[in-house]
$ cat work_34.cif   # mmCIF, C-alpha atoms
data_model
#
loop_
_atom_site.label_atom_id
_atom_site.label_comp_id
_atom_site.auth_asym_id
_atom_site.auth_seq_id
_atom_site.Cartn_x
_atom_site.Cartn_y
_atom_site.Cartn_z
CA MET L 108 83.41 2.86 -102.99
CA GLU L 109 85.53 1.64 -105.88
CA THR L 110 83.11 2.38 -108.65
CA LYS L 111 85.27 4.73 -110.71
CA ALA L 112 86.35 2.00 -113.05
CA LEU L 113 82.84 0.66 -113.43
CA GLY L 114 80.63 1.34 -116.37
CA ASN L 115 77.33 3.14 -116.56
CA LEU L 116 73.90 1.64 -116.84
CA ILE L 117 71.58 3.70 -118.98
CA ILE L 118 68.19 2.52 -120.07
CA ASN L 119 66.37 4.79 -122.53
CA GLY L 120 63.07 3.27 -123.44
CA VAL L 121 62.03 -0.20 -122.56
CA GLY L 122 64.67 -2.43 -121.14
CA SER L 123 65.44 -5.00 -118.58
CA VAL L 124 68.72 -5.57 -116.84
CA ASN L 125 70.04 -7.73 -114.06
CA GLY L 126 71.59 -5.26 -111.65
CA GLY L 127 75.09 -5.11 -110.24
CA ALA L 128 77.61 -2.39 -109.46
CA PHE L 129 77.85 0.71 -111.66
CA HIS L 130 79.23 4.19 -111.66
CA LYS L 131 76.04 5.80 -112.83
CA VAL L 132 72.57 4.38 -113.29
CA GLU L 133 70.02 6.24 -115.34
CA ILE L 134 66.59 4.95 -116.17
CA ASN L 135 64.65 7.09 -118.65
CA GLY L 136 61.57 5.25 -119.68
CA LYS L 137 60.27 1.94 -118.61
CA GLY L 138 63.34 0.18 -117.33
CA THR L 139 63.35 -2.85 -115.13
CA VAL L 140 66.21 -3.94 -112.93
CA ASN L 141 65.85 -7.45 -111.62
CA ASN L 142 68.37 -7.47 -108.78
CA ASP L 143 70.26 -5.27 -106.31
CA ILE L 144 72.13 -2.29 -107.69
CA GLU L 145 75.01 -0.37 -106.21
CA CYS L 146 76.13 2.87 -107.80
CA GLU L 147 77.46 6.34 -107.20
CA LYS L 148 74.68 8.16 -108.98
CA PHE L 149 71.17 6.89 -109.34
CA ASN L 150 68.70 8.68 -111.57
CA CYS L 151 65.26 7.43 -112.34
CA ASN L 152 63.07 9.53 -114.63
CA GLY L 153 60.40 7.24 -115.96
CA THR L 154 58.45 4.40 -114.57
CA GLY L 155 61.37 2.33 -113.49
CA THR L 156 60.94 -0.82 -111.51
CA ILE L 157 63.64 -2.29 -109.36
CA HIS L 158 63.25 -5.72 -107.85
CA GLY L 159 65.99 -5.41 -105.26
CA ASN L 160 67.87 -3.02 -103.03
CA VAL L 161 69.43 0.22 -104.14
CA LYS L 162 72.63 1.53 -102.63
CA THR L 163 73.90 4.84 -103.90
CA GLU L 164 75.74 8.02 -102.99
CA LYS L 165 73.36 10.36 -104.69
CA GLY L 166 69.89 9.30 -105.69
CA LYS L 167 67.20 11.15 -107.58
CA ILE L 168 63.80 9.78 -108.42
CA SER L 169 61.69 11.97 -110.66
CA GLY L 170 59.17 9.63 -112.16
CA ALA L 171 56.91 6.96 -110.88
CA ALA L 172 59.54 4.56 -109.75
CA LYS L 173 58.77 1.36 -107.94
CA ILE L 174 61.48 -0.08 -105.79
CA HIS L 175 60.86 -3.44 -104.19
CA GLY L 176 63.56 -3.31 -101.56
CA VAL L 177 65.65 -1.08 -99.31
CA VAL L 178 67.12 2.22 -100.46
CA LYS L 179 70.39 3.32 -98.90
CA ALA L 180 71.83 6.66 -99.94
CA GLU L 181 73.95 9.57 -98.83
CA SER L 182 71.43 11.95 -100.28
CA LEU L 183 68.14 11.09 -101.86
CA SER L 184 65.56 13.31 -103.47
CA VAL L 185 62.17 12.11 -104.55
CA ASN L 186 60.25 14.36 -106.89
CA GLY L 187 57.75 12.07 -108.49
CA SER L 188 55.40 9.51 -107.12
CA ALA L 189 57.81 6.88 -105.99
CA SER L 190 56.93 3.83 -104.05
CA ILE L 191 59.54 2.07 -102.00
CA SER L 192 58.46 -1.15 -100.41
CA GLU L 193 61.01 -1.33 -97.58
CA ALA L 194 63.16 0.95 -95.45
CA VAL L 195 64.88 4.13 -96.57
CA LEU L 196 68.22 5.09 -95.03
CA SER L 197 69.74 8.34 -96.13
CA ARG L 198 71.80 11.12 -94.65
CA LYS L 199 69.71 13.68 -96.46
CA LEU L 200 66.23 13.00 -97.69
CA GLU L 201 64.03 15.32 -99.69
CA VAL L 202 60.53 14.37 -100.68
CA SER L 203 58.75 16.78 -102.98
CA GLY L 204 56.28 14.60 -104.78
CA SER L 205 53.94 12.06 -103.39
CA SER L 206 55.73 8.99 -102.25
CA ALA L 207 54.92 5.88 -100.34
CA ILE L 208 57.43 4.09 -98.20
CA GLY L 209 56.58 0.65 -96.91
CA GLY L 210 59.20 0.43 -94.19
CA SER L 211 60.75 2.87 -91.80
CA VAL L 212 62.81 5.94 -92.61
CA LYS L 213 66.08 6.85 -90.96
CA CYS L 214 67.99 9.98 -91.88
CA ASP L 215 69.79 13.01 -90.50
CA GLU L 216 67.86 15.68 -92.27
CA MET L 217 64.47 15.24 -93.81
CA VAL L 218 62.63 17.83 -95.84
CA LEU L 219 59.13 17.00 -96.87
CA ASN L 220 57.31 19.24 -99.30
CA GLY L 221 54.77 17.01 -100.91
CA LYS L 222 52.75 14.15 -99.78
CA ALA L 223 54.35 11.20 -98.12
CA LYS L 224 53.09 7.99 -96.65
CA ILE L 225 55.38 6.09 -94.35
CA ALA L 226 54.23 2.76 -93.02
CA GLY L 227 56.92 2.39 -90.36
CA ASP L 228 58.73 4.75 -88.02
CA CYS L 229 60.43 7.93 -89.14
CA GLU L 230 63.67 8.97 -87.45
CA ALA L 231 65.64 12.12 -88.19
CA GLU L 232 67.72 14.74 -86.48
CA ILE L 233 65.88 17.51 -88.26
CA PHE L 234 62.41 16.93 -89.64
CA HIS L 235 60.95 19.70 -91.69
CA ALA L 236 57.56 19.29 -93.32
CA GLU L 237 55.43 21.58 -95.45
CA GLY L 238 52.87 19.25 -96.81
CA ALA L 239 50.68 16.38 -95.95
CA PHE L 240 52.13 13.25 -94.48
CA LYS L 241 50.94 10.09 -92.91
CA ILE L 242 53.23 8.17 -90.63
CA ASP L 243 51.88 4.94 -89.22
CA GLY L 244 54.60 4.59 -86.59
CA LEU L 245 56.60 6.98 -84.47
CA LEU L 246 57.95 10.27 -85.77
CA ASN L 247 61.12 10.74 -83.75
CA ALA L 248 63.40 13.74 -84.32
CA GLU L 249 65.51 16.21 -82.42
CA THR L 250 63.77 19.15 -84.06
CA ILE L 251 60.38 18.79 -85.64
CA ASP L 252 59.05 21.69 -87.64
CA ILE L 253 55.72 21.18 -89.33
CA LYS L 254 53.79 23.72 -91.39
CA LEU L 255 50.37 22.34 -92.02
CA PHE L 256 49.11 22.37 -95.61
CA GLY L 257 46.72 19.50 -95.59
CA GLU L 258 45.63 16.72 -93.40
CA SER L 259 48.58 15.07 -91.73
CA LYS L 260 48.72 12.12 -89.43
CA ALA L 261 51.30 10.46 -87.23
CA LYS L 262 50.63 7.80 -84.67
CA GLU L 263 53.16 9.16 -82.19
CA ILE L 264 55.49 12.12 -82.22
CA GLY L 265 58.52 12.41 -79.97
CA GLY L 266 61.46 14.75 -79.85
CA ARG L 267 63.12 17.66 -78.16
CA LYS L 268 61.58 20.60 -79.96
CA ILE L 269 58.26 20.14 -81.67
CA LYS L 270 56.59 22.97 -83.52
CA VAL L 271 53.41 22.71 -85.52
CA ALA L 272 52.14 25.84 -87.27
CA GLN L 273 49.08 26.50 -89.36
CA HIS L 274 49.40 28.42 -92.55
CA ARG L 275 48.33 32.02 -92.15
CA GLU L 276 47.56 33.35 -95.63
CA SER L 277 44.04 34.64 -96.10
CA LEU L 278 43.67 32.97 -99.48
CA PHE L 279 43.59 29.71 -97.70
CA LYS L 280 40.60 30.67 -95.62
CA LEU L 281 38.19 29.61 -98.32
CA ILE L 282 39.83 26.33 -99.00
CA LYS L 283 40.36 25.73 -95.34
CA SER L 284 36.70 25.03 -94.77
CA LEU L 285 36.86 22.28 -97.37
CA PHE L 286 40.24 20.85 -96.51
CA PRO L 287 40.99 21.15 -92.85
CA LEU L 288 44.60 21.97 -92.01
CA LYS L 289 45.02 19.51 -89.28
CA LEU L 290 47.55 17.27 -87.67
CA GLU L 291 46.32 14.18 -85.96
CA ALA L 292 48.34 12.19 -83.46
CA GLU L 293 47.67 9.88 -80.59
CA LEU L 294 50.60 11.00 -78.51
CA ILE L 295 53.00 13.93 -78.64
CA GLU L 296 55.97 14.00 -76.30
CA GLY L 297 58.84 16.48 -76.21
CA ASP L 298 60.70 19.10 -74.21
CA ASP L 299 59.41 22.21 -75.96
CA ILE L 300 56.10 21.78 -77.70
CA GLU L 301 54.22 24.41 -79.68
CA LEU L 302 51.04 23.28 -81.39
CA GLU L 303 48.48 24.75 -83.75
CA GLY L 304 45.64 22.97 -85.47
CA THR L 305 46.47 19.71 -83.82
CA SER L 306 44.23 17.08 -82.42
CA ALA L 307 45.90 14.66 -80.04
CA GLN L 308 44.85 12.41 -77.22
CA VAL L 309 47.83 13.06 -74.97
CA VAL L 310 50.49 15.77 -75.03
CA ARG L 311 53.36 15.50 -72.57
CA GLY L 312 56.30 17.84 -72.20
CA LYS L 313 58.27 20.36 -70.22
CA ASN L 314 57.04 23.55 -71.85
CA VAL L 315 53.78 23.21 -73.68
CA LYS L 316 52.13 25.93 -75.71
CA ILE L 317 48.78 25.18 -77.27
CA GLY L 318 47.88 27.63 -80.01
CA LYS L 319 44.73 28.06 -82.05
CA ASN L 320 42.42 25.32 -83.30
CA CYS L 321 43.65 22.45 -81.19
CA GLU L 322 41.76 19.60 -79.65
CA ILE L 323 43.72 17.87 -76.93
CA GLY L 324 42.51 15.21 -74.52
CA LEU L 325 45.16 15.53 -71.83
CA VAL L 326 48.13 17.85 -71.39
CA GLU L 327 50.82 16.98 -68.88
CA TYR L 328 53.57 19.53 -68.35
CA SER L 329 56.37 20.10 -65.88
CA GLY L 330 57.38 23.67 -66.80
CA GLU L 331 55.37 26.37 -68.48
CA TYR L 332 51.93 25.91 -69.96
CA GLU L 333 50.00 28.22 -72.19
CA CYS L 334 46.69 27.63 -73.90
CA SER L 335 44.92 29.73 -76.47
CA THR L 336 41.20 30.37 -76.06
CA ASP L 337 40.47 28.99 -79.53
CA SER L 338 41.50 25.54 -78.45
CA GLU L 339 39.86 22.83 -76.52
CA VAL L 340 41.87 21.07 -73.85
CA LYS L 341 39.86 18.62 -71.79
CA GLU L 342 42.34 18.24 -68.97
CA SER L 343 45.72 19.68 -68.04
CA ARG L 344 47.98 18.57 -65.24
CA LEU L 345 51.21 19.89 -63.75
CA ILE L 346 53.55 17.08 -62.82
CA MET A 34 58.87 -12.60 -68.76
CA SER A 35 58.47 -11.78 -65.10
CA ASP A 36 60.44 -8.54 -65.41
CA GLN A 37 58.84 -5.69 -63.59
CA LEU A 38 57.66 -2.95 -65.91
CA ILE A 39 57.96 0.77 -65.41
CA SER A 40 56.12 3.46 -67.35
CA LYS A 41 57.94 6.04 -69.42
CA LYS A 42 56.78 8.82 -67.12
CA GLU A 43 58.22 7.08 -64.07
CA VAL A 44 61.53 6.58 -65.85
CA LEU A 45 61.74 10.30 -66.51
CA ASP A 46 60.77 11.09 -62.92
CA LEU A 47 63.27 8.71 -61.38
CA THR A 48 66.22 9.57 -63.59
CA GLY A 49 65.61 13.23 -64.33
CA ILE A 50 66.10 12.90 -68.08
CA SER A 51 63.78 14.64 -70.51
CA TYR A 52 61.60 13.34 -73.33
CA GLY A 53 64.02 14.86 -75.80
CA GLN A 54 66.92 12.90 -74.36
CA LEU A 55 64.96 9.68 -74.25
CA TYR A 56 63.94 9.98 -77.89
CA ARG A 57 67.48 10.94 -78.90
CA TRP A 58 68.87 7.87 -77.16
CA LYS A 59 66.30 5.74 -78.85
CA ARG A 60 67.35 7.17 -82.23
CA LYS A 61 70.98 6.43 -81.47
CA ASN A 62 70.06 2.86 -80.52
CA LEU A 63 71.16 3.31 -76.93
CA ILE A 64 67.84 1.86 -75.89
CA PRO A 65 66.90 -1.28 -77.82
CA GLU A 66 63.64 -1.28 -79.70
CA ASP A 67 62.33 -4.37 -77.93
CA TRP A 68 62.47 -2.67 -74.55
CA PHE A 69 59.59 -0.47 -75.63
CA VAL A 70 56.57 -2.36 -74.44
CA ARG A 71 53.25 -0.92 -75.46
CA LYS A 72 50.29 -1.47 -73.24
CA SER A 73 46.89 0.08 -73.25
CA THR A 74 45.90 2.07 -70.21
CA PHE A 75 42.92 4.26 -69.48
CA THR A 76 44.59 7.25 -71.19
CA GLY A 77 45.22 5.26 -74.33
CA GLN A 78 48.40 3.45 -75.15
CA GLU A 79 51.42 3.97 -72.98
CA THR A 80 54.98 2.83 -73.24
CA PHE A 81 56.57 0.71 -70.56
CA PHE A 82 60.12 -0.53 -70.05
CA PRO A 83 61.67 -3.46 -68.22
CA LYS A 84 62.45 -1.67 -64.95
CA GLU A 85 65.87 -2.93 -63.97
CA LYS A 86 67.30 -2.83 -67.47
CA ILE A 87 66.17 0.67 -68.34
CA LEU A 88 67.24 2.23 -65.05
CA GLU A 89 70.64 0.61 -65.28
CA ARG A 90 71.05 1.70 -68.89
CA VAL A 91 70.01 5.30 -68.23
CA GLU A 92 72.41 5.50 -65.31
CA LYS A 93 75.26 4.15 -67.43
CA VAL A 94 74.57 6.52 -70.28
CA GLN A 95 74.38 9.48 -67.94
CA MET A 96 77.65 8.50 -66.33
CA MET A 97 79.56 7.95 -69.54
CA LYS A 98 78.08 10.50 -71.90
CA ASP A 99 80.56 13.19 -70.85
CA SER A 100 83.58 11.16 -71.85
CA LEU A 101 82.14 9.34 -74.88
CA SER A 102 79.96 10.45 -77.76
CA LEU A 103 76.52 8.91 -78.13
CA ASP A 104 77.67 6.96 -81.20
CA GLU A 105 80.57 5.49 -79.25
CA LEU A 106 78.18 4.58 -76.49
CA ALA A 107 75.89 2.86 -78.95
CA ASP A 108 78.84 0.76 -80.13
CA LEU A 109 79.58 -0.09 -76.55
CA PHE A 110 76.07 -1.34 -75.88
CA SER A 111 75.54 -3.13 -79.14
CA LEU A 112 76.79 -6.65 -79.45
CA SER A 113 78.25 -6.14 -82.87
CA ALA A 114 81.97 -6.72 -83.03
CA SER A 115 83.91 -3.58 -82.57
CA ASN A 116 87.28 -3.45 -84.27
CA LEU A 117 89.18 -4.24 -81.16
CA LYS A 118 92.21 -6.40 -80.70
CA LEU A 119 93.90 -7.40 -77.49
CA THR A 120 97.02 -9.37 -76.66
CA LYS A 121 97.34 -12.09 -74.00
CA GLU A 122 98.99 -9.68 -71.61
CA GLY A 123 96.30 -7.11 -72.21
CA LEU A 124 93.57 -9.61 -71.37
CA ILE A 125 95.19 -10.65 -68.11
CA GLU A 126 95.97 -7.06 -67.20
CA LYS A 127 92.34 -6.00 -67.64
CA GLY A 128 91.21 -8.86 -65.45
CA ILE A 129 89.07 -10.40 -68.21
CA VAL A 130 90.65 -13.80 -67.90
CA SER A 131 93.16 -15.57 -65.64
CA GLU A 132 96.24 -17.35 -66.92
CA PRO A 133 95.08 -20.96 -66.33
CA VAL A 134 91.82 -20.30 -68.20
CA LEU A 135 93.70 -18.64 -71.02
CA ASN A 136 95.90 -21.71 -71.29
CA ILE A 137 92.91 -24.02 -71.59
CA PHE A 138 91.54 -21.76 -74.30
CA LEU A 139 94.78 -21.77 -76.26
CA GLU A 140 95.08 -25.51 -75.88
CA THR A 141 91.82 -26.10 -77.70
CA GLN A 142 91.85 -23.17 -80.10
CA GLY A 143 95.49 -23.23 -81.05
CA GLU A 144 98.11 -20.62 -80.24
CA MET A 145 97.24 -17.02 -81.01
CA ASP A 146 98.73 -13.67 -80.13
CA GLU A 147 95.88 -11.33 -80.79
CA PHE A 148 92.26 -11.76 -79.82
CA ASN A 149 89.31 -10.13 -81.54
CA TYR A 150 86.05 -9.27 -79.88
CA HIS A 151 84.40 -12.62 -80.49
CA GLU A 152 87.33 -14.54 -79.09
CA ILE A 153 87.47 -12.29 -76.07
CA LEU A 154 83.79 -12.83 -75.47
CA LYS A 155 84.24 -16.60 -75.70
CA LEU A 156 87.12 -16.37 -73.26
CA TYR A 157 85.12 -14.25 -70.89
CA ILE A 158 82.18 -16.67 -70.89
CA LEU A 159 84.55 -19.56 -70.32
CA SER A 160 86.40 -17.87 -67.50
CA ASN A 161 83.16 -16.76 -65.92
CA LEU A 162 81.79 -20.29 -65.81
CA LEU A 163 85.03 -22.02 -64.84
CA GLU A 164 85.82 -19.63 -62.07
CA SER A 165 82.37 -19.84 -60.57
CA GLY A 166 83.18 -23.52 -60.05
CA ASN A 167 79.96 -24.58 -61.71
CA ILE A 168 81.63 -26.39 -64.57
CA HIS A 169 84.90 -28.30 -64.85
CA MET A 170 87.62 -28.24 -67.46
CA GLU A 171 86.15 -30.90 -69.71
CA GLU A 172 82.88 -29.06 -69.80
CA GLY A 173 84.78 -25.89 -70.57
CA LYS A 174 86.16 -27.53 -73.68
CA MET A 175 82.67 -28.64 -74.58
CA LEU A 176 81.55 -25.02 -74.31
CA LEU A 177 84.29 -23.84 -76.65
CA GLN A 178 83.34 -26.54 -79.12
CA LEU A 179 79.73 -25.40 -79.01
CA LEU A 180 80.67 -21.75 -79.50
CA ASN A 181 83.01 -22.63 -82.37
CA ASP A 182 80.40 -24.68 -84.15
CA HIS A 183 77.71 -22.03 -83.79
CA GLN A 184 79.33 -18.61 -84.18
CA LYS A 185 75.97 -16.92 -84.36
CA ILE A 186 75.31 -17.54 -80.67
CA LEU A 187 77.60 -14.65 -79.82
CA GLN A 188 75.57 -12.23 -81.90
CA GLN A 189 72.31 -13.20 -80.31
CA PRO A 190 71.95 -11.10 -77.15
CA LYS A 191 69.05 -13.13 -75.83
CA ALA A 192 70.83 -16.44 -76.02
CA VAL A 193 71.37 -18.33 -72.79
CA ILE A 194 73.93 -21.11 -72.41
CA CYS A 195 72.94 -23.94 -70.06
CA PHE A 196 74.94 -26.82 -68.63
CA ILE A 197 73.01 -29.89 -67.58
CA ARG A 198 74.08 -33.03 -65.83
CA LYS A 199 72.49 -36.40 -65.33
CA LEU A 200 74.09 -39.40 -63.62
CA GLY A 201 77.49 -37.74 -63.86
CA ILE A 202 77.23 -37.17 -67.59
CA SER A 203 77.20 -33.56 -68.61
CA SER A 204 76.10 -31.73 -71.67
CA CYS A 205 75.54 -28.16 -72.70
CA LEU A 206 72.96 -26.43 -74.84
CA VAL A 207 71.92 -22.97 -75.93
CA SER A 208 68.49 -21.45 -75.84
CA MET A 209 68.69 -18.89 -78.66
CA SER A 210 65.79 -16.71 -77.60
CA GLY A 211 66.41 -17.01 -73.89
CA GLU A 212 63.30 -18.95 -72.98
CA GLY A 213 63.38 -21.12 -69.93
CA VAL A 214 64.42 -24.73 -70.36
CA LEU A 215 62.40 -27.40 -68.64
CA LEU A 216 64.26 -30.41 -67.34
CA GLU A 217 63.33 -33.95 -66.58
CA LYS A 218 63.46 -34.89 -62.87
CA GLY A 219 66.83 -36.61 -62.77
CA THR A 220 68.58 -33.84 -64.64
CA LYS A 221 70.31 -31.02 -62.88
CA LEU A 222 70.99 -27.57 -64.28
CA ALA A 223 74.62 -27.02 -63.38
CA ALA A 224 75.04 -23.52 -64.73
CA SER A 225 73.39 -21.00 -67.01
CA ILE A 226 74.70 -17.75 -68.35
CA SER A 227 73.25 -15.12 -70.68
CA ILE A 228 75.23 -13.70 -73.57
CA GLU A 229 73.84 -10.22 -73.14
CA GLN A 230 74.94 -10.02 -69.52
CA CYS A 231 78.40 -11.34 -70.33
CA ALA A 232 78.81 -8.96 -73.23
CA GLU A 233 77.85 -6.00 -71.10
CA GLU A 234 80.13 -6.95 -68.24
CA LEU A 235 82.90 -7.49 -70.71
CA LYS A 236 82.35 -4.15 -72.41
CA SER A 237 82.49 -2.30 -69.15
CA LYS A 238 85.77 -4.06 -68.36
CA LEU A 239 87.20 -3.17 -71.73
CA THR A 240 86.70 0.56 -71.34
#
$ encode --input "work_34.cif" --output "structure tokens"
Amino acid sequence: METKALGNLIINGVGSVNGGAFHKVEINGKGTVNNDIECEKFNCNGTGTIHGNVKTEKGKISGAAKIHGVVKAESLSVNGSASISEAVLSRKLEVSGSSAIGGSVKCDEMVLNGKAKIAGDCEAEIFHAEGAFKIDGLLNAETIDIKLFGESKAKEIGGRKIKVAQHRESLFKLIKSLFPLKLEAELIEGDDIELEGTSAQVVRGKNVKIGKNCEIGLVEYSGEYECSTDSEVKESRLI
Amino acid sequence: MSDQLISKKEVLDLTGISYGQLYRWKRKNLIPEDWFVRKSTFTGQETFFPKEKILERVEKVQMMKDSLSLDELADLFSLSASNLKLTKEGLIEKGIVSEPVLNIFLETQGEMDEFNYHEILKLYILSNLLESGNIHMEEGKMLLQLLNDHQKILQQPKAVICFIRKLGISSCLVSMSGEGVLLEKGTKLAASISIEQCAEELKSKLT
């Protein structure tokens, strides 16, 4: 990108601007951008609103940003409560706050520590979650590693290695009765599947290991199968 | 569509690939999104695929994945223009087009030395139709005119080009989403060809 010679866009306070190409975009306060922006660095710290697409190398959203469009980035980190109305494409994506994404997410590596809502599909090579998420479409990743901290939901989960673990600390025992640590999915398919605290209608895979606190309608496996006594599996089939 | 459907489980059984591979291929766009057909069955929703297409695709990917990376394969399957350029000699050498057809093409399009992907695809469609004997030279020129006027046809995999004739007068048209075309009684469908099929045949010839 030839943005070296371009100027910076910095809004401190209330301001409105028409978008364009910049070297660095910083919105501290209540800035509004009315069109697409393209920049090397994108920083949004207040309640920024962008009516358009954002294309950047490095993006950071720390406040309550609202982006009405697509976000394309090399690396993107979301720390506040951002809402993005369309798709997110990023090589690296980190979500630590609570964010809502209206489209689908496509990235290489995704780390999710807070609360995320994704209305479309979510594709990644590595998906790592320690929080609560809700994915209305398919969660598709090579490696899926989920540590349950709250109630999470995905319509379908598919991948090579899928691991869902419940948090073990005793302090959580009290809270656990109030807030169930649970993952809900209609369908889980993968090569190596390890589940805890999951309720799913169908689980299909090569090697399936059902740990504690699961409720599964049907398990279909072609290799090894293991089921803990704490879990309820209605039917299991070797195929 | 009257395509026979096959469930995901059967695909895995028949081809020996794993869920992990299938999902990876889907992520890499080796399997187009619109092949995933969701249907409800007694175990809930299940995914089905168009049988012939998916089996052919899986076989191709399995065959070529040792020599090409998955990203290269995705380029191969997608219809987007790859940055490829061929000369006249190259085209004839690869058996994409014969000399007489190439001459007709150059006659209408003007002389050129290098051909990009879109031009090669046009050429391939033209040569395919002319050499099947279903259309004649004049109609071939008509086809080129149509493709020149509507460049977007070549990027629309579902598009089907049809040639119709009535009382010795011919015409051609394109169905952009590949739906069937109904004809009046006196009209004859002389030839029809799908862009997706051409593009795939062409891509396999190019590699």
$ closest_residue --input "work_34.cif" --among "A:Gln95, A:Ser237, A:Asn167, A:Ser51" --to "chain L" --atoms "all atoms listed in the file"
A:Ser51
$ resolve_selection --input "work_34.cif" --expression "the PyMOL selection byres ((chain L) within 10 of (chain A))" --output "NGL selection string"
:L and (213 or 229-232 or 246-250 or 264-269 or 293-294 or 296-299 or 308-309 or 311-313 or 324-325 or 346)
$ atom_distance --input "work_34.cif" --atom1 "atom CA of L:Lys165" --atom2 "atom CA of L:Leu196"
12.1 Å
$ resolve_selection --input "work_34.cif" --expression "the PyMOL selection byres ((chain L and resi 124) around 7)" --output "PDB file with C-alpha atoms, keeping the file's coordinate frame"
ATOM      1  CA  GLY L 122      64.670  -2.430-121.140  1.00  0.00           C
ATOM      2  CA  SER L 123      65.440  -5.000-118.580  1.00  0.00           C
ATOM      3  CA  ASN L 125      70.040  -7.730-114.060  1.00  0.00           C
ATOM      4  CA  GLY L 126      71.590  -5.260-111.650  1.00  0.00           C
ATOM      5  CA  THR L 139      63.350  -2.850-115.130  1.00  0.00           C
ATOM      6  CA  VAL L 140      66.210  -3.940-112.930  1.00  0.00           C
ATOM      7  CA  ASN L 141      65.850  -7.450-111.620  1.00  0.00           C
TER       8      ASN L 141
END
$ atom_distance --input "work_34.cif" --atom1 "atom CA of A:Val214" --atom2 "atom CA of A:Val193"
9.8 Å
$ resolve_selection --input "work_34.cif" --expression "the PyMOL selection byres ((chain L and resi 173-189) around 9)" --output "ChimeraX atom specification"
/L:143,152,154-172,190-208,210,221
$ write_last_selection --input "work_34.cif" --atoms "C-alpha atoms" --output "short mmCIF file (atom, residue, chain, number, x, y, z; two decimals), in the frame of the given file"
data_model
loop_
_atom_site.label_atom_id
_atom_site.label_comp_id
_atom_site.auth_asym_id
_atom_site.auth_seq_id
_atom_site.Cartn_x
_atom_site.Cartn_y
_atom_site.Cartn_z
CA ASP L 143 70.26 -5.27 -106.31
CA ASN L 152 63.07 9.53 -114.63
CA THR L 154 58.45 4.40 -114.57
CA GLY L 155 61.37 2.33 -113.49
CA THR L 156 60.94 -0.82 -111.51
CA ILE L 157 63.64 -2.29 -109.36
CA HIS L 158 63.25 -5.72 -107.85
CA GLY L 159 65.99 -5.41 -105.26
CA ASN L 160 67.87 -3.02 -103.03
CA VAL L 161 69.43 0.22 -104.14
CA LYS L 162 72.63 1.53 -102.63
CA THR L 163 73.90 4.84 -103.90
CA GLU L 164 75.74 8.02 -102.99
CA LYS L 165 73.36 10.36 -104.69
CA GLY L 166 69.89 9.30 -105.69
CA LYS L 167 67.20 11.15 -107.58
CA ILE L 168 63.80 9.78 -108.42
CA SER L 169 61.69 11.97 -110.66
CA GLY L 170 59.17 9.63 -112.16
CA ALA L 171 56.91 6.96 -110.88
CA ALA L 172 59.54 4.56 -109.75
CA SER L 190 56.93 3.83 -104.05
CA ILE L 191 59.54 2.07 -102.00
CA SER L 192 58.46 -1.15 -100.41
CA GLU L 193 61.01 -1.33 -97.58
CA ALA L 194 63.16 0.95 -95.45
CA VAL L 195 64.88 4.13 -96.57
CA LEU L 196 68.22 5.09 -95.03
CA SER L 197 69.74 8.34 -96.13
CA ARG L 198 71.80 11.12 -94.65
CA LYS L 199 69.71 13.68 -96.46
CA LEU L 200 66.23 13.00 -97.69
CA GLU L 201 64.03 15.32 -99.69
CA VAL L 202 60.53 14.37 -100.68
CA SER L 203 58.75 16.78 -102.98
CA GLY L 204 56.28 14.60 -104.78
CA SER L 205 53.94 12.06 -103.39
CA SER L 206 55.73 8.99 -102.25
CA ALA L 207 54.92 5.88 -100.34
CA ILE L 208 57.43 4.09 -98.20
CA GLY L 210 59.20 0.43 -94.19
CA GLY L 221 54.77 17.01 -100.91
#
$ closest_residue --input "work_34.cif" --among "L:Val271, L:Glu145, L:Gly244, L:Phe256" --to "L:Lys222" --atoms "all atoms listed in the file"
L:Phe256
$ atom_distance --input "work_34.cif" --atom1 "atom CA of A:Glu234" --atom2 "atom CA of A:Leu216"
28.3 Å
$ residues_around --input "work_34.cif" --residues "A:Ala107" --least-positions-apart "6" --cutoff "9 Å" --atoms "only C-alpha atoms" --output "VMD selection string"
chain A and resid 58 61 to 64
$ residues_around --input "work_34.cif" --residues "L:Lys241" --least-positions-apart "4" --cutoff "6 Å" --atoms "only C-alpha atoms" --output "PyMOL selection string"
chain L and resi 224+259-261
$ residues_around --input "work_34.cif" --residues "A:Ile129" --least-positions-apart "5" --cutoff "12 Å" --atoms "all atoms listed in the file" --output "PyMOL selection string"
chain A and resi 119-124+134-135+152-161+164+231-232+234-240
$ residues_near_point --input "work_34.cif" --point "(48.5, 26.9, -81.4)" --cutoff "10 Å" --atoms "only C-alpha atoms" --output "list in words"
Lys270, Val271, Ala272, Gln273, Ile300, Glu301, Leu302, Glu303, Gly304, Thr305, Lys316, Ile317, Gly318, Lys319, Asn320, Cys321, Glu333, Cys334, Ser335, Thr336, Asp337 and Ser338 of chain L
$ closest_residue --input "work_34.cif" --among "A:Glu43, A:Lys221, A:Ser73, A:Lys98" --to "A:Leu200" --atoms "only C-alpha atoms"
A:Lys221
$ residues_near_point --input "work_34.cif" --point "(82.0, -26.1, -77.5)" --cutoff "12 Å" --atoms "all atoms listed in the file" --output "MDAnalysis selection string"
chainID A and resid 138 141:142 155:156 158:159 170:184 186 194:196 204:207
$ axis_aligned_box --input "work_34.cif" --around "stretch 181-191 of chain A" --padding-each-side "4 Å" --output "lines of an AutoDock Vina configuration file"
center_x = 76.0
center_y = -17.9
center_z = -80.1
size_x = 22.0
size_y = 21.6
size_z = 16.5
